[in-house]
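To keep things clear, I will list the structure first and then write my remarks on it.
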Amino acid sequence: MSGSPVAGAKEVREEDAFDVAAVDAWLRAHADAASWGDGLPEVRQFSAGASNLTYLLRYPERDLILRRPPSGSKAKGAHDMGREYRIQAALAPVFPHVAPMVGHCADESVIGSEFYVMERLVGEIPGKDFHVALDAEQGRALCLNTFDLLVALHAVDPAEAGLDVLDRGPGYVARQVGGWSSRFRKARTPDVPDLEQVMGWLDAHQPDDVRRCLIHNDFRLDNIVYDADDPTTPIGLLDWEMATVGDPLMDLGCTMAYWIQADDDELLQLTRMQPSNAPGMLTRREVVDYYCERAGLSVTDEEWLFYEVFGLFRLAVIAQQIYYRFFHGQTTNPKFAPFGFLVDMLDQRCRALIGDPA
């Protein structure tokens, strides 16, 4: 197994390194490691993520994935490895698209932070572009199958999974608008716009929750594992850090914030993080229509505007929280340097949508 290259797994950045022997010792004491083989694992780091740090642990007979928080300041409640671990463990019996969990370490003395480990799902994970060639028919099939997966997740009964404890009741939309606005104000640096116009518009145009269901909150192509033999079919959904019980259209709106389509202008194409512009992929509006038809919902263009603006605004806040760490020297990763520019671009997109491009 360890001889097969894994796309996106690169040498560990010096500032993100950890005590491999300590992790190995903890795993062998807390998990069934008899079939993994002897010795320490080879460790590689996935460079695509911008929030939590993700590593590949390659034992002779088993590939594992380790997740840990980034260093530096973080929002209260963010990067909760135990929560992410427990959600996936609870989902496994009712939603077969999660990786098998191996263990969660809450003892920060082991590597300086908590972490959890899961088995690696073997398949294709898209990067900025697909790693395999897909024609337009396959691209469309992949797109439809992907949003069928989102519909399936939203159909899970939180109580059946034991996750109804995540349900804070009505008012999800209002909590999200207020919460993300507060996070932005706390993380703002002096070189980015204040986003006050966008936050004021969102506050004034909040709809009621359409329903409450289990939502992923970071549903993107590069968080999905596709079957290696049929790359149009998703087999796993990754990165459950922000999963909760909430409004499904808010979940879809956050997904569409990352969805750069083929006919978007060159400036927008610069912000593309996933192959949503590939041949056969649906446009944003086609995705919304398809999802709503499958989920038994309906939303007009006028109604959808709120969810679209909120998704872009939330993406700006996430980018700013990461940029805050770079601005203050808590990370030296050069890929975070342009995130302040991304915040500015997203602010401009939001203001153009709400009718104030100035």
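Following the order of the structure tokens, chains are lettered A, B, ..., residues in each are numbered from 1, and ligands are numbered from 1.
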
Based on the backbone DSSP call, show me all residues of segment 88-310 of chain A assigned strand (DSSP E or B), as a PyMOL selection string.
chain A and resi 101-105+115-119+124+213-215+224-226+234-237+244-246

Go ahead and save the picked residues with C-alpha atoms, as an mmCIF file, in the first residue's frame.
```cif
data_model
loop_
_atom_site.group_PDB
_atom_site.id
_atom_site.type_symbol
_atom_site.label_atom_id
_atom_site.label_comp_id
_atom_site.auth_asym_id
_atom_site.auth_seq_id
_atom_site.Cartn_x
_atom_site.Cartn_y
_atom_site.Cartn_z
ATOM 1 C CA MET A 101 -12.516 6.385 12.780
ATOM 2 C CA VAL A 102 -9.368 5.055 14.501
ATOM 3 C CA GLY A 103 -9.019 7.238 17.573
ATOM 4 C CA HIS A 104 -9.167 10.711 19.137
ATOM 5 C CA CYS A 105 -6.407 12.046 21.403
ATOM 6 C CA PHE A 115 -5.759 15.232 17.106
ATOM 7 C CA TYR A 116 -7.750 12.399 15.639
ATOM 8 C CA VAL A 117 -6.896 9.621 13.237
ATOM 9 C CA MET A 118 -9.054 7.833 10.668
ATOM 10 C CA GLU A 119 -8.520 5.303 7.935
ATOM 11 C CA GLU A 124 -9.883 10.293 -6.247
ATOM 12 C CA CYS A 213 -31.505 18.980 9.141
ATOM 13 C CA LEU A 214 -27.966 17.682 9.421
ATOM 14 C CA ILE A 215 -25.701 19.908 7.302
ATOM 15 C CA ILE A 224 -15.227 14.418 -1.482
ATOM 16 C CA VAL A 225 -13.567 11.094 -2.312
ATOM 17 C CA TYR A 226 -14.665 9.588 -5.632
ATOM 18 C CA PRO A 234 -18.661 9.723 -4.539
ATOM 19 C CA ILE A 235 -17.686 7.218 -1.848
ATOM 20 C CA GLY A 236 -16.761 9.513 1.018
ATOM 21 C CA LEU A 237 -17.269 12.998 2.456
ATOM 22 C CA THR A 244 -24.239 20.803 12.627
ATOM 23 C CA VAL A 245 -28.022 20.818 12.495
ATOM 24 C CA GLY A 246 -29.171 23.791 10.472
#
```

How would you write, as an MDAnalysis selection string, the set of residues in segment 20-233 of chain A that DSSP gives as helix (DSSP H, G or I)?
chainID A and resid 20:30 81:91 136:154 164:166 172:187 196:204 221:223

I need the residue nearest Ala159 of chain A from this list: A:Leu221, A:Asp208, A:Val94, A:Val177. Use only C-alpha atoms for the distance.
A:Val94

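You can rank A:Val317, A:Leu238, A:Asp107, A:Asp230 by their closest distance to Arg67 of chain A using only C-alpha atoms, and at the top of that list sits A:Leu238.
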
Per residue of segment 78-196 of chain A within 12 Å of segment 272-283 of chain A, record the nearest atom pair and its distance in Å to one decimal, counting only C-alpha atoms, with rows in chain order and ascending residue number, as CSV.
```
residue,atom,partner,partner_atom,distance
A:Ile125,CA,A:Gln274,CA,10.2
A:Pro126,CA,A:Gln274,CA,6.9
A:Gly127,CA,A:Gln274,CA,5.8
A:Lys128,CA,A:Gln274,CA,4.1
A:Asp129,CA,A:Pro275,CA,4.6
A:Phe130,CA,A:Pro275,CA,6.3
A:His131,CA,A:Pro275,CA,10.0
A:Val132,CA,A:Pro275,CA,11.4
A:Ala133,CA,A:Ala278,CA,10.3
A:Leu134,CA,A:Pro279,CA,8.0
A:Asp135,CA,A:Pro279,CA,6.6
A:Ala136,CA,A:Gly280,CA,4.0
A:Glu137,CA,A:Gly280,CA,5.9
A:Gln138,CA,A:Gly280,CA,7.1
A:Gly139,CA,A:Gly280,CA,4.6
A:Arg140,CA,A:Gly280,CA,4.4
A:Ala141,CA,A:Gly280,CA,8.0
A:Leu142,CA,A:Met281,CA,8.0
A:Cys143,CA,A:Met281,CA,5.9
A:Leu144,CA,A:Leu282,CA,8.3
A:Asn145,CA,A:Met281,CA,11.3
A:Thr146,CA,A:Met281,CA,10.7
A:Phe147,CA,A:Leu282,CA,10.6
```

Selected residues written out, C-alpha atoms, as an mmCIF file, in the first residue's frame:
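again.cif, written as the output of this step:
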```cif
data_model
loop_
_atom_site.group_PDB
_atom_site.id
_atom_site.type_symbol
_atom_site.label_atom_id
_atom_site.label_comp_id
_atom_site.auth_asym_id
_atom_site.auth_seq_id
_atom_site.Cartn_x
_atom_site.Cartn_y
_atom_site.Cartn_z
ATOM 1 C CA ILE A 125 -10.053 13.661 -4.464
ATOM 2 C CA PRO A 126 -10.195 16.581 -6.903
ATOM 3 C CA GLY A 127 -7.750 19.435 -6.512
ATOM 4 C CA LYS A 128 -8.096 22.686 -8.388
ATOM 5 C CA ASP A 129 -8.605 20.391 -11.384
ATOM 6 C CA PHE A 130 -9.496 16.722 -11.727
ATOM 7 C CA HIS A 131 -6.626 14.249 -11.506
ATOM 8 C CA VAL A 132 -8.332 12.006 -14.071
ATOM 9 C CA ALA A 133 -9.657 12.872 -17.525
ATOM 10 C CA LEU A 134 -13.455 13.267 -17.634
ATOM 11 C CA ASP A 135 -15.516 14.090 -20.697
ATOM 12 C CA ALA A 136 -18.581 16.344 -20.521
ATOM 13 C CA GLU A 137 -20.990 13.440 -19.976
ATOM 14 C CA GLN A 138 -18.898 12.141 -17.085
ATOM 15 C CA GLY A 139 -18.540 15.654 -15.670
ATOM 16 C CA ARG A 140 -22.309 16.066 -15.607
ATOM 17 C CA ALA A 141 -22.773 12.641 -14.012
ATOM 18 C CA LEU A 142 -20.220 13.501 -11.338
ATOM 19 C CA CYS A 143 -21.958 16.797 -10.650
ATOM 20 C CA LEU A 144 -25.414 15.231 -10.297
ATOM 21 C CA ASN A 145 -24.102 12.388 -8.134
ATOM 22 C CA THR A 146 -22.320 14.923 -5.931
ATOM 23 C CA PHE A 147 -25.467 16.873 -5.178
#
```

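Proximity of A:Val210, A:Ile65, A:Leu312, A:Val173 to Ile260 of chain A, computed with only C-alpha atoms, is greatest for A:Leu312.
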
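Using only C-alpha atoms for every distance, the candidate list A:Ser4, A:Pro93, A:Leu315, A:Ala9 yields A:Ser4 as the residue closest to Arg62 of chain A.
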
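Shortest atom-to-atom contact with Glu302 of chain A among A:Leu267, A:Leu166, A:Met256, A:Leu353: A:Leu353, counting only C-alpha atoms.
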
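Within the 8 Å cut-off around Met242 of chain A, using only C-alpha atoms and omitting residues fewer than 4 positions from it on the same chain, the listed residues are Glu84, His216, Asn217 and Asp218 of chain A.
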
Selection export as a PDB file, in the first residue's frame, atoms kept: all heavy atoms:
```pdb
ATOM      1  N   GLU A  84     -15.400  16.772  15.709  1.00  0.00           N
ATOM      2  CA  GLU A  84     -15.367  16.249  14.344  1.00  0.00           C
ATOM      3  C   GLU A  84     -15.288  14.721  14.354  1.00  0.00           C
ATOM      4  O   GLU A  84     -15.951  14.041  13.559  1.00  0.00           O
ATOM      5  CB  GLU A  84     -14.169  16.845  13.601  1.00  0.00           C
ATOM      6  CG  GLU A  84     -14.129  16.519  12.124  1.00  0.00           C
ATOM      7  CD  GLU A  84     -13.056  17.289  11.372  1.00  0.00           C
ATOM      8  OE1 GLU A  84     -12.536  18.291  11.910  1.00  0.00           O
ATOM      9  OE2 GLU A  84     -12.739  16.880  10.247  1.00  0.00           O
ATOM     10  N   HIS A 216     -23.459  19.806   6.377  1.00  0.00           N
ATOM     11  CA  HIS A 216     -22.017  19.610   6.406  1.00  0.00           C
ATOM     12  C   HIS A 216     -21.281  20.920   6.640  1.00  0.00           C
ATOM     13  O   HIS A 216     -20.291  20.987   7.355  1.00  0.00           O
ATOM     14  CB  HIS A 216     -21.557  18.979   5.088  1.00  0.00           C
ATOM     15  CG  HIS A 216     -20.100  18.659   5.038  1.00  0.00           C
ATOM     16  ND1 HIS A 216     -19.163  19.555   4.546  1.00  0.00           N
ATOM     17  CD2 HIS A 216     -19.411  17.555   5.404  1.00  0.00           C
ATOM     18  CE1 HIS A 216     -17.962  18.995   4.614  1.00  0.00           C
ATOM     19  NE2 HIS A 216     -18.081  17.792   5.131  1.00  0.00           N
ATOM     20  N   ASN A 217     -21.711  21.976   5.976  1.00  0.00           N
ATOM     21  CA  ASN A 217     -21.177  23.334   6.146  1.00  0.00           C
ATOM     22  C   ASN A 217     -19.832  23.566   5.468  1.00  0.00           C
ATOM     23  O   ASN A 217     -19.261  24.644   5.596  1.00  0.00           O
ATOM     24  CB  ASN A 217     -21.076  23.704   7.637  1.00  0.00           C
ATOM     25  CG  ASN A 217     -22.112  24.734   8.048  1.00  0.00           C
ATOM     26  OD1 ASN A 217     -22.596  25.495   7.214  1.00  0.00           O
ATOM     27  ND2 ASN A 217     -22.463  24.763   9.315  1.00  0.00           N
ATOM     28  N   ASP A 218     -19.311  22.568   4.759  1.00  0.00           N
ATOM     29  CA  ASP A 218     -18.094  22.776   3.963  1.00  0.00           C
ATOM     30  C   ASP A 218     -18.105  21.788   2.796  1.00  0.00           C
ATOM     31  O   ASP A 218     -17.097  21.163   2.478  1.00  0.00           O
ATOM     32  CB  ASP A 218     -16.849  22.573   4.821  1.00  0.00           C
ATOM     33  CG  ASP A 218     -15.613  23.264   4.227  1.00  0.00           C
ATOM     34  OD1 ASP A 218     -15.774  24.076   3.299  1.00  0.00           O
ATOM     35  OD2 ASP A 218     -14.496  22.979   4.690  1.00  0.00           O
TER      36      ASP A 218
END
```
